[in-house]
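Undergrad: I am sharing model_24.cif, which consists of mmCIF, C-alpha atoms:
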data_start
loop_
_atom_site.group_PDB
_atom_site.id
_atom_site.type_symbol
_atom_site.label_atom_id
_atom_site.label_comp_id
_atom_site.auth_asym_id
_atom_site.auth_seq_id
_atom_site.Cartn_x
_atom_site.Cartn_y
_atom_site.Cartn_z
ATOM 1 C CA MET A 1 -96.599 72.514 -129.789
ATOM 2 C CA ALA A 2 -100.300 71.795 -130.151
ATOM 3 C CA ALA A 3 -102.026 69.008 -128.247
ATOM 4 C CA ARG A 4 -101.594 65.565 -129.780
ATOM 5 C CA LEU A 5 -104.386 63.141 -130.601
ATOM 6 C CA ASN A 6 -104.372 59.577 -129.307
ATOM 7 C CA ASP A 7 -104.624 56.491 -131.498
ATOM 8 C CA LYS A 8 -108.424 56.836 -131.485
ATOM 9 C CA GLY A 9 -108.239 60.301 -133.005
ATOM 10 C CA PHE A 10 -109.343 62.019 -129.791
ATOM 11 C CA TYR A 11 -107.686 64.214 -127.169
ATOM 12 C CA PRO A 12 -106.278 62.239 -124.209
ATOM 13 C CA MET A 13 -107.159 63.009 -120.627
ATOM 14 C CA LEU A 14 -104.781 65.019 -118.465
ATOM 15 C CA SER A 15 -102.923 63.033 -115.831
ATOM 16 C CA PHE A 16 -103.313 63.956 -112.180
ATOM 17 C CA PRO A 17 -100.212 65.293 -110.426
ATOM 18 C CA LYS A 18 -99.225 63.466 -107.265
ATOM 19 C CA GLY A 19 -101.256 64.654 -104.320
ATOM 20 C CA ARG A 20 -104.242 64.151 -102.091
ATOM 21 C CA LEU A 21 -107.451 66.041 -101.512
ATOM 22 C CA GLY A 22 -106.662 66.627 -97.848
ATOM 23 C CA ASP A 23 -103.851 69.040 -98.709
ATOM 24 C CA VAL A 24 -105.177 72.389 -99.999
ATOM 25 C CA PHE A 25 -102.016 73.025 -102.044
ATOM 26 C CA GLU A 26 -102.212 69.653 -103.766
ATOM 27 C CA LYS A 27 -106.013 69.734 -104.073
ATOM 28 C CA THR A 28 -105.943 72.960 -106.104
ATOM 29 C CA ALA A 29 -104.232 71.376 -109.105
ATOM 30 C CA LEU A 30 -106.232 68.163 -108.703
ATOM 31 C CA GLU A 31 -109.492 70.127 -108.919
ATOM 32 C CA MET A 32 -108.333 71.962 -112.017
ATOM 33 C CA VAL A 33 -107.436 68.683 -113.726
ATOM 34 C CA VAL A 34 -110.979 67.421 -113.122
ATOM 35 C CA VAL A 35 -112.454 70.598 -114.623
ATOM 36 C CA HIS A 36 -110.120 70.524 -117.595
ATOM 37 C CA ASN A 37 -110.805 66.850 -118.256
ATOM 38 C CA ILE A 38 -114.526 67.659 -118.329
ATOM 39 C CA ILE A 39 -113.804 70.178 -121.085
ATOM 40 C CA ILE A 40 -111.667 67.668 -122.983
ATOM 41 C CA ARG A 41 -114.352 64.966 -122.735
ATOM 42 C CA ALA A 42 -116.890 67.437 -124.087
ATOM 43 C CA ILE A 43 -114.587 68.213 -127.017
ATOM 44 C CA ASN A 44 -114.224 64.499 -127.677
ATOM 45 C CA SER A 45 -118.001 64.080 -127.542
ATOM 46 C CA LEU A 46 -118.319 66.636 -130.345
ATOM 47 C CA LEU A 47 -115.802 64.731 -132.439
ATOM 48 C CA HIS A 48 -117.446 61.387 -131.648
ATOM 49 C CA HIS A 49 -120.992 62.324 -132.618
ATOM 50 C CA ALA A 50 -120.451 64.700 -135.553
ATOM 51 C CA PRO A 51 -119.547 62.093 -138.216
ATOM 52 C CA LYS A 52 -122.579 59.925 -137.452
ATOM 53 C CA LEU A 53 -125.154 62.656 -136.834
ATOM 54 C CA SER A 54 -128.572 62.309 -138.484
ATOM 55 C CA LYS A 55 -130.240 65.356 -140.028
ATOM 56 C CA SER A 56 -132.978 65.260 -137.408
ATOM 57 C CA ASP A 57 -130.410 65.508 -134.623
ATOM 58 C CA VAL A 58 -128.646 68.600 -135.973
ATOM 59 C CA PRO A 59 -130.707 71.162 -133.982
ATOM 60 C CA SER A 60 -130.194 69.393 -130.628
ATOM 61 C CA PHE A 61 -126.503 68.819 -131.368
ATOM 62 C CA MET A 62 -126.056 72.521 -132.113
ATOM 63 C CA ARG A 63 -127.718 73.385 -128.811
ATOM 64 C CA TYR A 64 -125.334 71.020 -127.033
ATOM 65 C CA SER A 65 -122.385 72.552 -128.877
ATOM 66 C CA LEU A 66 -123.400 76.092 -127.949
ATOM 67 C CA VAL A 67 -123.858 75.138 -124.283
ATOM 68 C CA PHE A 68 -120.299 73.816 -124.447
ATOM 69 C CA VAL A 69 -119.170 77.186 -125.837
ATOM 70 C CA HIS A 70 -120.957 79.077 -123.063
ATOM 71 C CA THR A 71 -119.487 76.767 -120.414
ATOM 72 C CA VAL A 72 -115.909 77.302 -121.585
ATOM 73 C CA HIS A 73 -116.430 81.087 -121.614
ATOM 74 C CA HIS A 74 -117.981 80.878 -118.141
ATOM 75 C CA HIS A 75 -115.030 78.888 -116.792
ATOM 76 C CA HIS A 76 -112.452 81.284 -118.193
ATOM 77 C CA ALA A 77 -114.384 84.361 -117.025
ATOM 78 C CA ASN A 78 -114.328 82.976 -113.480
ATOM 79 C CA GLU A 79 -110.559 82.610 -113.753
ATOM 80 C CA GLU A 80 -109.744 85.947 -115.376
ATOM 81 C CA GLU A 81 -112.149 88.108 -113.391
ATOM 82 C CA LEU A 82 -111.729 86.546 -109.942
ATOM 83 C CA TYR A 83 -109.425 83.581 -109.410
ATOM 84 C CA PHE A 84 -106.277 84.690 -111.231
ATOM 85 C CA PRO A 85 -106.290 88.234 -109.757
ATOM 86 C CA MET A 86 -106.699 86.804 -106.253
ATOM 87 C CA LEU A 87 -103.815 84.389 -106.779
ATOM 88 C CA GLU A 88 -101.614 87.131 -108.223
ATOM 89 C CA GLU A 89 -102.073 89.185 -105.056
ATOM 90 C CA LYS A 90 -99.973 86.492 -103.365
ATOM 91 C CA LEU A 91 -97.909 85.090 -106.245
ATOM 92 C CA GLY A 92 -96.987 88.368 -107.903
ATOM 93 C CA GLU A 93 -98.578 90.488 -110.608
ATOM 94 C CA GLY A 94 -98.390 88.823 -113.986
ATOM 95 C CA TYR A 95 -97.765 85.305 -112.662
ATOM 96 C CA MET A 96 -100.933 83.990 -114.313
ATOM 97 C CA GLY A 97 -100.149 85.876 -117.520
ATOM 98 C CA SER A 98 -99.220 82.712 -119.382
ATOM 99 C CA ASN A 99 -102.705 81.381 -118.675
ATOM 100 C CA ILE A 100 -104.332 84.540 -120.032
ATOM 101 C CA ALA A 101 -102.188 84.137 -123.142
ATOM 102 C CA GLY A 102 -103.393 80.544 -123.345
ATOM 103 C CA HIS A 103 -106.974 81.785 -123.348
ATOM 104 C CA ASP A 104 -106.201 84.317 -126.064
ATOM 105 C CA ALA A 105 -104.512 81.690 -128.249
ATOM 106 C CA PHE A 106 -107.733 79.841 -129.054
ATOM 107 C CA HIS A 107 -110.237 82.721 -129.006
ATOM 108 C CA ALA A 108 -110.216 83.446 -132.745
ATOM 109 C CA PRO A 109 -110.883 79.848 -133.885
ATOM 110 C CA PHE A 110 -113.324 79.406 -130.974
ATOM 111 C CA ASP A 111 -115.263 82.444 -132.173
ATOM 112 C CA GLU A 112 -115.347 80.916 -135.665
ATOM 113 C CA PHE A 113 -116.652 77.657 -134.212
ATOM 114 C CA THR A 114 -119.309 79.588 -132.300
ATOM 115 C CA ALA A 115 -120.361 81.400 -135.477
ATOM 116 C CA LEU A 116 -120.580 78.070 -137.303
ATOM 117 C CA CYS A 117 -122.795 76.520 -134.610
ATOM 118 C CA THR A 118 -124.989 79.628 -134.494
ATOM 119 C CA LYS A 119 -125.432 79.556 -138.257
ATOM 120 C CA VAL A 120 -126.276 75.839 -138.370
ATOM 121 C CA SER A 121 -128.682 76.159 -135.438
ATOM 122 C CA LYS A 122 -130.631 78.657 -137.543
ATOM 123 C CA GLU A 123 -130.089 76.823 -140.835
ATOM 124 C CA PRO A 124 -129.819 73.051 -140.150
ATOM 125 C CA SER A 125 -129.447 72.432 -143.887
ATOM 126 C CA ALA A 126 -126.006 74.097 -143.643
ATOM 127 C CA TRP A 127 -124.712 71.196 -141.531
ATOM 128 C CA SER A 128 -121.483 69.579 -142.703
ATOM 129 C CA SER A 129 -119.816 67.043 -140.431
ATOM 130 C CA SER A 130 -116.400 67.518 -142.074
ATOM 131 C CA THR A 131 -116.583 71.303 -141.677
ATOM 132 C CA PHE A 132 -117.689 70.931 -138.047
ATOM 133 C CA VAL A 133 -114.940 68.452 -137.131
ATOM 134 C CA ALA A 134 -112.288 70.591 -138.806
ATOM 135 C CA SER A 135 -113.502 73.642 -136.879
ATOM 136 C CA VAL A 136 -113.344 71.721 -133.583
ATOM 137 C CA HIS A 137 -109.740 70.697 -134.171
ATOM 138 C CA VAL A 138 -108.657 74.248 -135.031
ATOM 139 C CA PHE A 139 -109.720 75.582 -131.608
ATOM 140 C CA ALA A 140 -109.212 72.371 -129.619
ATOM 141 C CA ALA A 141 -105.516 71.978 -130.392
ATOM 142 C CA PRO A 142 -104.461 75.260 -128.686
ATOM 143 C CA LEU A 143 -107.175 74.951 -126.027
ATOM 144 C CA VAL A 144 -106.153 71.474 -124.870
ATOM 145 C CA LYS A 145 -102.496 72.559 -124.912
ATOM 146 C CA HIS A 146 -103.433 75.448 -122.622
ATOM 147 C CA LEU A 147 -105.476 73.205 -120.333
ATOM 148 C CA ALA A 148 -102.400 71.034 -119.776
ATOM 149 C CA GLU A 149 -99.992 73.946 -119.266
ATOM 150 C CA GLU A 150 -102.219 75.724 -116.744
ATOM 151 C CA ILE A 151 -101.845 72.826 -114.308
ATOM 152 C CA ASP A 152 -98.112 73.535 -114.059
ATOM 153 C CA THR A 153 -98.802 77.057 -112.777
ATOM 154 C CA LEU A 154 -100.666 75.520 -109.829
ATOM 155 C CA ASP A 155 -97.746 73.351 -108.754
ATOM 156 C CA ALA A 156 -98.188 72.542 -105.055
ATOM 157 C CA THR A 157 -94.521 72.958 -104.184
ATOM 158 C CA PHE A 158 -94.421 76.458 -105.653
ATOM 159 C CA LEU A 159 -97.699 77.475 -104.047
ATOM 160 C CA LYS A 160 -96.465 76.354 -100.618
ATOM 161 C CA LYS A 161 -93.417 78.601 -100.969
ATOM 162 C CA SER A 162 -95.458 81.603 -102.062
ATOM 163 C CA MET A 163 -98.601 81.715 -99.922
ATOM 164 C CA THR A 164 -100.188 80.311 -96.807
ATOM 165 C CA ALA A 165 -102.791 77.570 -96.755
ATOM 166 C CA ALA A 166 -105.314 80.128 -95.460
ATOM 167 C CA ASP A 167 -104.578 82.454 -98.375
ATOM 168 C CA LEU A 168 -105.070 79.697 -100.950
ATOM 169 C CA GLU A 169 -108.208 78.437 -99.233
ATOM 170 C CA GLU A 170 -109.618 81.966 -99.363
ATOM 171 C CA CYS A 171 -109.064 82.047 -103.140
ATOM 172 C CA ASN A 172 -110.623 78.618 -103.623
ATOM 173 C CA VAL A 173 -113.646 79.393 -101.447
ATOM 174 C CA ALA A 174 -114.277 82.654 -103.316
ATOM 175 C CA LEU A 175 -114.144 80.794 -106.632
ATOM 176 C CA GLY A 176 -116.489 78.104 -105.322
ATOM 177 C CA LYS A 177 -119.036 80.687 -104.177
ATOM 178 C CA ARG A 178 -118.981 82.404 -107.549
ATOM 179 C CA ILE A 179 -119.443 79.092 -109.334
ATOM 180 C CA GLN A 180 -122.441 78.202 -107.177
ATOM 181 C CA LYS A 181 -123.970 81.651 -107.660
ATOM 182 C CA GLU A 182 -123.452 82.144 -111.391
ATOM 183 C CA THR A 183 -123.371 78.662 -112.906
ATOM 184 C CA SER A 184 -126.544 77.676 -114.765
ATOM 185 C CA LEU A 185 -128.384 74.737 -113.230
ATOM 186 C CA THR A 186 -129.960 73.878 -116.579
ATOM 187 C CA GLU A 187 -126.920 74.326 -118.844
ATOM 188 C CA HIS A 188 -123.453 74.595 -117.266
ATOM 189 C CA PHE A 189 -123.944 71.992 -114.531
ATOM 190 C CA PRO A 190 -125.583 69.383 -116.799
ATOM 191 C CA LEU A 191 -122.811 69.866 -119.380
ATOM 192 C CA ALA A 192 -120.210 69.356 -116.651
ATOM 193 C CA ILE A 193 -121.907 66.351 -115.056
ATOM 194 C CA THR A 194 -122.583 64.573 -118.356
ATOM 195 C CA ASN A 195 -118.899 64.899 -119.185
ATOM 196 C CA ASN A 196 -117.507 64.127 -115.750
ATOM 197 C CA ASP A 197 -116.058 60.852 -114.465
ATOM 198 C CA ASN A 198 -117.426 59.771 -111.098
ATOM 199 C CA VAL A 199 -114.384 57.595 -110.469
ATOM 200 C CA SER A 200 -111.937 60.488 -110.476
ATOM 201 C CA GLY A 201 -114.078 63.615 -110.269
ATOM 202 C CA GLY A 202 -117.434 62.837 -108.702
ATOM 203 C CA TRP A 203 -116.379 64.752 -105.595
ATOM 204 C CA LEU A 204 -115.898 68.045 -107.445
ATOM 205 C CA ILE A 205 -119.379 69.290 -108.449
ATOM 206 C CA PRO A 206 -120.252 71.905 -105.752
ATOM 207 C CA LEU A 207 -123.892 70.962 -105.297
ATOM 208 C CA PRO A 208 -125.776 69.216 -102.466
ATOM 209 C CA TRP A 209 -126.968 65.690 -103.219
ATOM 210 C CA PHE A 210 -130.610 66.658 -103.747
ATOM 211 C CA MET A 211 -129.626 69.196 -106.430
ATOM 212 C CA LYS A 212 -127.529 66.581 -108.195
ATOM 213 C CA ALA A 213 -130.584 64.319 -108.051
ATOM 214 C CA VAL A 214 -132.737 67.029 -109.642
ATOM 215 C CA ILE A 215 -130.220 67.302 -112.488
ATOM 216 C CA ALA A 216 -129.944 63.526 -112.933
ATOM 217 C CA TRP A 217 -133.648 62.666 -112.572
ATOM 218 C CA VAL A 218 -135.348 65.767 -113.948
ATOM 219 C CA ILE A 219 -133.193 68.223 -115.923
ATOM 220 C CA VAL A 220 -131.174 65.722 -117.941
ATOM 221 C CA PRO A 221 -134.164 63.496 -118.876
ATOM 222 C CA LEU A 222 -136.338 66.503 -119.787
ATOM 223 C CA ASN A 223 -133.651 67.623 -122.226
ATOM 224 C CA GLY A 224 -132.497 64.177 -123.195
ATOM 225 C CA SER A 225 -132.179 65.148 -126.848
ATOM 226 C CA VAL A 226 -129.370 67.518 -125.826
ATOM 227 C CA TRP A 227 -127.612 65.690 -123.002
ATOM 228 C CA LYS A 228 -127.506 62.368 -124.859
ATOM 229 C CA TYR A 229 -124.342 63.665 -126.525
ATOM 230 C CA GLY A 230 -122.448 63.765 -123.233
ATOM 231 C CA THR A 231 -119.855 61.139 -122.412
ATOM 232 C CA ALA A 232 -121.562 60.261 -119.108
ATOM 233 C CA ASP A 233 -125.067 59.861 -117.706
ATOM 234 C CA GLY A 234 -126.808 62.345 -115.430
ATOM 235 C CA TRP A 235 -124.785 61.142 -112.454
ATOM 236 C CA GLY A 236 -121.398 61.390 -114.151
ATOM 237 C CA ASN A 237 -121.000 57.680 -114.845
ATOM 238 C CA LEU A 238 -119.089 57.296 -118.106
ATOM 239 C CA LYS A 239 -120.933 55.492 -120.883
ATOM 240 C CA PRO A 240 -119.299 52.245 -122.119
ATOM 241 C CA GLU A 241 -118.114 53.739 -125.396
ATOM 242 C CA PHE A 242 -116.296 56.454 -123.464
ATOM 243 C CA ALA A 243 -114.851 54.263 -120.704
ATOM 244 C CA TRP A 244 -111.346 54.870 -122.056
ATOM 245 C CA MET A 245 -111.647 58.470 -120.759
ATOM 246 C CA SER A 246 -111.852 57.338 -117.144
ATOM 247 C CA CYS A 247 -109.077 58.355 -114.744
ATOM 248 C CA PRO A 248 -107.795 56.793 -111.493
ATOM 249 C CA ALA A 249 -109.401 57.836 -108.231
ATOM 250 C CA VAL A 250 -107.625 60.613 -106.345
ATOM 251 C CA PRO A 251 -106.276 59.821 -102.830
ATOM 252 C CA VAL A 252 -108.108 61.546 -99.987
#
Would you encode the structure as structure tokens?
TA:
Amino acid sequence: MAARLNDKGFYPMLSFPKGRLGDVFEKTALEMVVVHNIIIRAINSLLHHAPKLSKSDVPSFMRYSLVFVHTVHHHHANEEELYFPMLEEKLGEGYMGSNIAGHDAFHAPFDEFTALCTKVSKEPSAWSSSTFVASVHVFAAPLVKHLAEEIDTLDATFLKKSMTAADLEECNVALGKRIQKETSLTEHFPLAITNNDNVSGGWLIPLPWFMKAVIAWVIVPLNGSVWKYGTADGWGNLKPEFAWMSCPAVPV
């Protein structure tokens, strides 16, 4: 079953499983919910802005859309190339296979969406809000479904039975180092921050305060024509029109 829309016509946020950040087994799923909700907010931002987009804003909106594409590919590459194989060393070969299948399920329509954005970025006159929105829904339905299902594979109770806290921490640290090393400071991080929610996920972004300040005070303003489409400001504070996408704070 594909992901359902809420009464606003957007994709609802994922709920946090019970847990606290002080427990590495519980924190793992909590972190993934924050990341996945960032992706869902970004999808909703595309749906929100597309119908009301002016012709002059088409080029910047296409740049924002393509950064979103690159960010999703970056996130899934980190999982498939590093995180999932490391987890499977402890959980058993093939355990994360359902998540790989979830990635595969939306690739074809996501590639079509990418091609559409690439075409319009080169030919702004080809812009059609109805075509764009329809293309978003075709890939978003299976993608959001996958984002919800992946959380179940990181169930804390199962992880505790299958690996030690040290083993899981090793996997999480390795993923964090790769994210810090390979994530773009001018594209991936701003996309994530401008679609984050400081109330529930401000603790996640793996950057020192001064780097977050550079993004908020320099990078986001310098490219304001692109990052204005995000659901939050440069610090991750949700804008009023997107306040409904806020989530409760996670216990420490």
Undergrad: Counting all atoms listed in the file, which of A:Val133, A:Val120, A:Ala156, A:Ile179 gets nearest to A:Pro59?
TA: A:Val120
Undergrad: Could you name the residues that touch stretch 238-252 of chain A at 6 Å or less, counting all atoms listed in the file, but leaving out those on the same chain fewer than 3 positions away, as a list in words?
TA: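 In the requested form, the answer reads Arg20, Leu21, Gly22, Asp197, Val199, Ser200, Thr231 and Ala232 of chain A.
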Undergrad: Just how far from atom CA of A:Arg63 is atom CA of A:Ala115, in Å to one decimal?
TA: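 Atom CA of A:Arg63 lies at a distance of 12.8 Å from atom CA of A:Ala115.
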Undergrad: Find the residue from A:Asp155, A:Glu182, A:Glu187, A:Glu89 that sits nearest to A:Pro17; use only C-alpha atoms when measuring.
TA: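 Under the stated criterion, the closest residue is A:Asp155.
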Undergrad: Select, from A:Met163, A:Gly234, A:Ala192, A:Glu112, the residue with the minimum atom-to-atom distance to A:His137, counting all atoms listed in the file.
TA: A:Glu112
Undergrad: At what distance in Å, to one decimal, does atom CA of A:Gly230 lie from atom CA of A:Leu82?
TA: 28.5 Å
Undergrad: A:Trp127, A:Glu150, A:Ser56, A:Leu66: which is nearest A:Tyr95, counting only C-alpha atoms?
TA: A:Glu150
Undergrad: Could you expand the PyMOL selection byres ((chain A and resi 42) around 10) into the explicit residues it covers here, written as a list in words?
TA: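 That expression, the PyMOL selection byres ((chain A and resi 42) around 10), corresponds here to His36, Asn37, Ile38, Ile39, Ile40, Arg41, Ile43, Asn44, Ser45, Leu46, Leu47, His48, Tyr64, Ser65, Phe68, Leu191, Ala192, Thr194, Asn195, Asn196, Tyr229, Gly230, Thr231 and Ala232 of chain A.
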Undergrad: Write out, as a tab-separated table (two decimals), in the frame of the given file, the residues just selected, with C-alpha atoms.
TA:
chain	number	residue	atom	x	y	z
A	36	HIS	CA	-110.12	70.52	-117.60
A	37	ASN	CA	-110.80	66.85	-118.26
A	38	ILE	CA	-114.53	67.66	-118.33
A	39	ILE	CA	-113.80	70.18	-121.08
A	40	ILE	CA	-111.67	67.67	-122.98
A	41	ARG	CA	-114.35	64.97	-122.74
A	43	ILE	CA	-114.59	68.21	-127.02
A	44	ASN	CA	-114.22	64.50	-127.68
A	45	SER	CA	-118.00	64.08	-127.54
A	46	LEU	CA	-118.32	66.64	-130.34
A	47	LEU	CA	-115.80	64.73	-132.44
A	48	HIS	CA	-117.45	61.39	-131.65
A	64	TYR	CA	-125.33	71.02	-127.03
A	65	SER	CA	-122.38	72.55	-128.88
A	68	PHE	CA	-120.30	73.82	-124.45
A	191	LEU	CA	-122.81	69.87	-119.38
A	192	ALA	CA	-120.21	69.36	-116.65
A	194	THR	CA	-122.58	64.57	-118.36
A	195	ASN	CA	-118.90	64.90	-119.18
A	196	ASN	CA	-117.51	64.13	-115.75
A	229	TYR	CA	-124.34	63.66	-126.52
A	230	GLY	CA	-122.45	63.76	-123.23
A	231	THR	CA	-119.86	61.14	-122.41
A	232	ALA	CA	-121.56	60.26	-119.11
Undergrad: Can you pull out the residues contacting stretch 212-218 of chain A? Cut-off 8 Å, using all atoms listed in the file, and skip same-chain residues under 2 positions away; I want them as a PyMOL selection string.
TA: chain A and resi 185-186+190+207-210+220-222+233-235
Undergrad: Work out how far apart atom CA of A:Ile219 and atom CA of A:His73 are and give it in Å to one decimal.
TA: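 Result for atom CA of A:Ile219 versus atom CA of A:His73: 21.9 Å, one decimal.
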Undergrad: So what does the PyMOL selection byres ((chain A and resi 146) around 10) actually pick up in this one, as a short mmCIF file (atom, residue, chain, number, x, y, z; two decimals) with C-alpha atoms, in the coordinates of the input?
TA:
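Contents of result.cif, as written:
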data_model
loop_
_atom_site.label_atom_id
_atom_site.label_comp_id
_atom_site.auth_asym_id
_atom_site.auth_seq_id
_atom_site.Cartn_x
_atom_site.Cartn_y
_atom_site.Cartn_z
CA ALA A 2 -100.30 71.80 -130.15
CA ALA A 3 -102.03 69.01 -128.25
CA HIS A 36 -110.12 70.52 -117.60
CA SER A 98 -99.22 82.71 -119.38
CA ASN A 99 -102.70 81.38 -118.68
CA ILE A 100 -104.33 84.54 -120.03
CA ALA A 101 -102.19 84.14 -123.14
CA GLY A 102 -103.39 80.54 -123.34
CA HIS A 103 -106.97 81.78 -123.35
CA ASP A 104 -106.20 84.32 -126.06
CA ALA A 105 -104.51 81.69 -128.25
CA PHE A 106 -107.73 79.84 -129.05
CA ALA A 140 -109.21 72.37 -129.62
CA ALA A 141 -105.52 71.98 -130.39
CA PRO A 142 -104.46 75.26 -128.69
CA LEU A 143 -107.18 74.95 -126.03
CA VAL A 144 -106.15 71.47 -124.87
CA LYS A 145 -102.50 72.56 -124.91
CA LEU A 147 -105.48 73.20 -120.33
CA ALA A 148 -102.40 71.03 -119.78
CA GLU A 149 -99.99 73.95 -119.27
CA GLU A 150 -102.22 75.72 -116.74
CA ILE A 151 -101.84 72.83 -114.31
#
Undergrad: So, counting only C-alpha atoms, which residue among A:Ile205, A:Leu53, A:Val24, A:Cys171 is closest to A:Ile193?
TA: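 Looking at the shortest contact to A:Ile193, the residue is A:Ile205.
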Undergrad: On this structure, the PyMOL selection byres ((chain A and resi 121) around 9) would catch which residues? List them as a list in words, sorted by chain and number.
TA: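 Written out, the selection comes to Val58, Pro59, Ser60, Phe61, Met62, Arg63, Leu116, Cys117, Thr118, Lys119, Val120, Lys122, Glu123, Pro124, Ala126 and Trp127 of chain A.
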Undergrad: Please dump the current selection as an mmCIF file, in the frame of the given file; keep C-alpha atoms.
TA:
data_model
loop_
_atom_site.group_PDB
_atom_site.id
_atom_site.type_symbol
_atom_site.label_atom_id
_atom_site.label_comp_id
_atom_site.auth_asym_id
_atom_site.auth_seq_id
_atom_site.Cartn_x
_atom_site.Cartn_y
_atom_site.Cartn_z
ATOM 1 C CA VAL A 58 -128.646 68.600 -135.973
ATOM 2 C CA PRO A 59 -130.707 71.162 -133.982
ATOM 3 C CA SER A 60 -130.194 69.393 -130.628
ATOM 4 C CA PHE A 61 -126.503 68.819 -131.368
ATOM 5 C CA MET A 62 -126.056 72.521 -132.113
ATOM 6 C CA ARG A 63 -127.718 73.385 -128.811
ATOM 7 C CA LEU A 116 -120.580 78.070 -137.303
ATOM 8 C CA CYS A 117 -122.795 76.520 -134.610
ATOM 9 C CA THR A 118 -124.989 79.628 -134.494
ATOM 10 C CA LYS A 119 -125.432 79.556 -138.257
ATOM 11 C CA VAL A 120 -126.276 75.839 -138.370
ATOM 12 C CA LYS A 122 -130.631 78.657 -137.543
ATOM 13 C CA GLU A 123 -130.089 76.823 -140.835
ATOM 14 C CA PRO A 124 -129.819 73.051 -140.150
ATOM 15 C CA ALA A 126 -126.006 74.097 -143.643
ATOM 16 C CA TRP A 127 -124.712 71.196 -141.531
#
Undergrad: Would you compute an axis-aligned box for stretch 217-225 of chain A, covering every atom listed for it in the file with 8 Å of margin on each side, and report centre and edge lengths in Å to one decimal as lines of an AutoDock Vina configuration file?
TA:
center_x = -133.8
center_y = 65.4
center_z = -119.7
size_x = 21.2
size_y = 21.6
size_z = 30.3
Undergrad: Return the single residue from A:Phe132, A:Val226, A:Pro206, A:Ser15 that is closest to A:Leu30, with distances computed using only C-alpha atoms.
TA: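 Smallest separation from A:Leu30 among the options: A:Ser15.
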Undergrad: Model the absent atoms of stretch 129-140 of chain A so that N, CA, C and O atoms are present, and write the result as a PDB file, in the frame of the given file.
TA:
ATOM      1  N   SER A 129    -120.602  67.670-141.491  1.00  0.00           N
ATOM      2  CA  SER A 129    -119.816  67.043-140.431  1.00  0.00           C
ATOM      3  C   SER A 129    -118.326  67.313-140.615  1.00  0.00           C
ATOM      4  O   SER A 129    -117.622  67.555-139.632  1.00  0.00           O
ATOM      5  N   SER A 130    -117.833  67.289-141.840  1.00  0.00           N
ATOM      6  CA  SER A 130    -116.400  67.518-142.074  1.00  0.00           C
ATOM      7  C   SER A 130    -115.999  68.941-141.705  1.00  0.00           C
ATOM      8  O   SER A 130    -114.934  69.168-141.115  1.00  0.00           O
ATOM      9  N   THR A 131    -116.870  69.908-142.037  1.00  0.00           N
ATOM     10  CA  THR A 131    -116.583  71.303-141.677  1.00  0.00           C
ATOM     11  C   THR A 131    -116.601  71.474-140.167  1.00  0.00           C
ATOM     12  O   THR A 131    -115.742  72.159-139.590  1.00  0.00           O
ATOM     13  N   PHE A 132    -117.564  70.843-139.505  1.00  0.00           N
ATOM     14  CA  PHE A 132    -117.689  70.931-138.047  1.00  0.00           C
ATOM     15  C   PHE A 132    -116.470  70.330-137.365  1.00  0.00           C
ATOM     16  O   PHE A 132    -115.857  70.965-136.483  1.00  0.00           O
ATOM     17  N   VAL A 133    -116.084  69.127-137.751  1.00  0.00           N
ATOM     18  CA  VAL A 133    -114.940  68.452-137.131  1.00  0.00           C
ATOM     19  C   VAL A 133    -113.665  69.255-137.340  1.00  0.00           C
ATOM     20  O   VAL A 133    -112.853  69.406-136.419  1.00  0.00           O
ATOM     21  N   ALA A 134    -113.478  69.784-138.529  1.00  0.00           N
ATOM     22  CA  ALA A 134    -112.288  70.591-138.806  1.00  0.00           C
ATOM     23  C   ALA A 134    -112.251  71.825-137.913  1.00  0.00           C
ATOM     24  O   ALA A 134    -111.198  72.198-137.379  1.00  0.00           O
ATOM     25  N   SER A 135    -113.414  72.448-137.724  1.00  0.00           N
ATOM     26  CA  SER A 135    -113.502  73.642-136.879  1.00  0.00           C
ATOM     27  C   SER A 135    -113.186  73.308-135.428  1.00  0.00           C
ATOM     28  O   SER A 135    -112.525  74.091-134.724  1.00  0.00           O
ATOM     29  N   VAL A 136    -113.647  72.148-134.958  1.00  0.00           N
ATOM     30  CA  VAL A 136    -113.344  71.721-133.583  1.00  0.00           C
ATOM     31  C   VAL A 136    -111.840  71.578-133.395  1.00  0.00           C
ATOM     32  O   VAL A 136    -111.267  72.080-132.417  1.00  0.00           O
ATOM     33  N   HIS A 137    -111.174  70.922-134.315  1.00  0.00           N
ATOM     34  CA  HIS A 137    -109.740  70.697-134.171  1.00  0.00           C
ATOM     35  C   HIS A 137    -108.945  72.004-134.172  1.00  0.00           C
ATOM     36  O   HIS A 137    -107.938  72.122-133.470  1.00  0.00           O
ATOM     37  N   VAL A 138    -109.394  72.987-134.947  1.00  0.00           N
ATOM     38  CA  VAL A 138    -108.657  74.248-135.031  1.00  0.00           C
ATOM     39  C   VAL A 138    -108.625  74.954-133.676  1.00  0.00           C
ATOM     40  O   VAL A 138    -107.596  75.514-133.282  1.00  0.00           O
ATOM     41  N   PHE A 139    -109.751  74.934-132.936  1.00  0.00           N
ATOM     42  CA  PHE A 139    -109.720  75.582-131.608  1.00  0.00           C
ATOM     43  C   PHE A 139    -109.248  74.624-130.523  1.00  0.00           C
ATOM     44  O   PHE A 139    -108.646  75.051-129.527  1.00  0.00           O
ATOM     45  N   ALA A 140    -109.521  73.326-130.687  1.00  0.00           N
ATOM     46  CA  ALA A 140    -109.212  72.371-129.619  1.00  0.00           C
ATOM     47  C   ALA A 140    -107.715  72.170-129.440  1.00  0.00           C
ATOM     48  O   ALA A 140    -107.248  71.977-128.305  1.00  0.00           O
TER      49      ALA A 140
END
